[in-house]
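Student: If you scroll down you'll find the structure; I have some questions about it.
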Amino acid sequence: MIHLQKVRTDEAAKLHNLMQFYIYEFSNYLPDIKLEDNGAYKPFDLEKYWNNNQFHAYFIKLGDELIGFALIESATFSNPNTVEEYFIITKYKGKGYGKVIAKKLFTLFPGEWEITQIENNEPAHAFWKGLIHEVSDGNFREHFKDGVYVQKFNT
């Protein structure tokens, strides 16, 4: 069964390891991403996920197997919920797991959402736009600015 598991502070290294695959895939869309001298990609600063209640890190698991992650910023009075980073490993893409988990996140954090994708990442744009159209019954706004697609909707 596909499910979310909150990332604990002591699991930060595991999340960083998984994020290496995400950054590797993302380097297809942003050629400026390069390996560091140590042979790894520069790690994300994840401190806010342990120190700020607005930020939430989740592993995506299929049974006991780790297959991805989601980094979420929950809404405040003046800002909507956002998906900061979202990743399903390649062998599980296209099987519907990403949609199931995204819908769970929309349920966990109801209200206004804003989701973005860079212009070059056509698979991400197609995934999010199709899913948002489905969950909002077509009631969403999309605009394109500075190389980024932005969808806004409510759950």
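Naming scheme: A, B, ... for chains in displayed order of the structure tokens; residues 1 onward per chain; ligands 1 onward as shown.
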Determine, counting only C-alpha atoms, which protein, DNA and RNA residues have an atom within 9 Å of an atom of region 86-99 of chain A; residues of the same chain fewer than 3 positions away are not included. Present the result as a ChimeraX atom specification.
Tutor: /A:2,18-19,21-22,60,62,66-72,83,102-104,127-128,131
Student: How about saving the chosen residues, C-alpha atoms kept, as a compact mmCIF listing (two decimals), in the first residue's frame?
Tutor:
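Saved as selection.txt:
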```
# COMPACT_ATOMS: atom_id res chain seq x y z
CA ILE A 2 1.28 3.46 -0.93
CA LEU A 18 17.18 10.02 -1.97
CA MET A 19 17.40 13.64 -3.07
CA PHE A 21 18.43 10.88 -7.49
CA TYR A 22 15.97 13.77 -7.68
CA ILE A 60 6.69 8.18 -0.01
CA LEU A 62 5.16 1.47 -1.16
CA LEU A 66 11.10 3.95 -0.06
CA ILE A 67 10.05 5.22 -3.50
CA GLY A 68 10.06 9.02 -3.19
CA PHE A 69 9.56 12.11 -1.09
CA ALA A 70 7.44 15.25 -0.81
CA LEU A 71 8.47 18.58 0.70
CA ILE A 72 5.49 20.77 1.56
CA VAL A 83 4.70 21.66 -3.06
CA ALA A 102 -0.57 14.13 -4.10
CA LYS A 103 -4.28 13.67 -3.36
CA LYS A 104 -3.39 12.57 0.19
CA PHE A 127 1.44 15.59 -14.34
CA TRP A 128 0.47 18.55 -12.13
CA LEU A 131 -4.00 16.14 -11.62
```
Student: Name the residues of chain A that come out as strand (DSSP E) in a backbone DSSP run; write them as JSON, numbers by chain.
Tutor: {"A": [2, 3, 4, 5, 6, 55, 56, 57, 58, 59, 60, 61, 62, 65, 66, 67, 68, 69, 70, 71, 72, 73, 81, 82, 83, 84, 85, 86, 87, 88, 112, 113, 114, 115, 116, 117, 118, 141, 142, 143, 144, 145, 148, 149, 150, 151, 152, 153, 154]}
Student: Which neighbours of Glu142 (chain A) fall inside 12 Å, counting only C-alpha atoms, when residues of the same chain fewer than 2 positions from it are skipped, and could you give them as number ranges by chain?
Tutor: A: 113-117, 125, 128-130, 132-133, 138-140, 144-145, 148-153
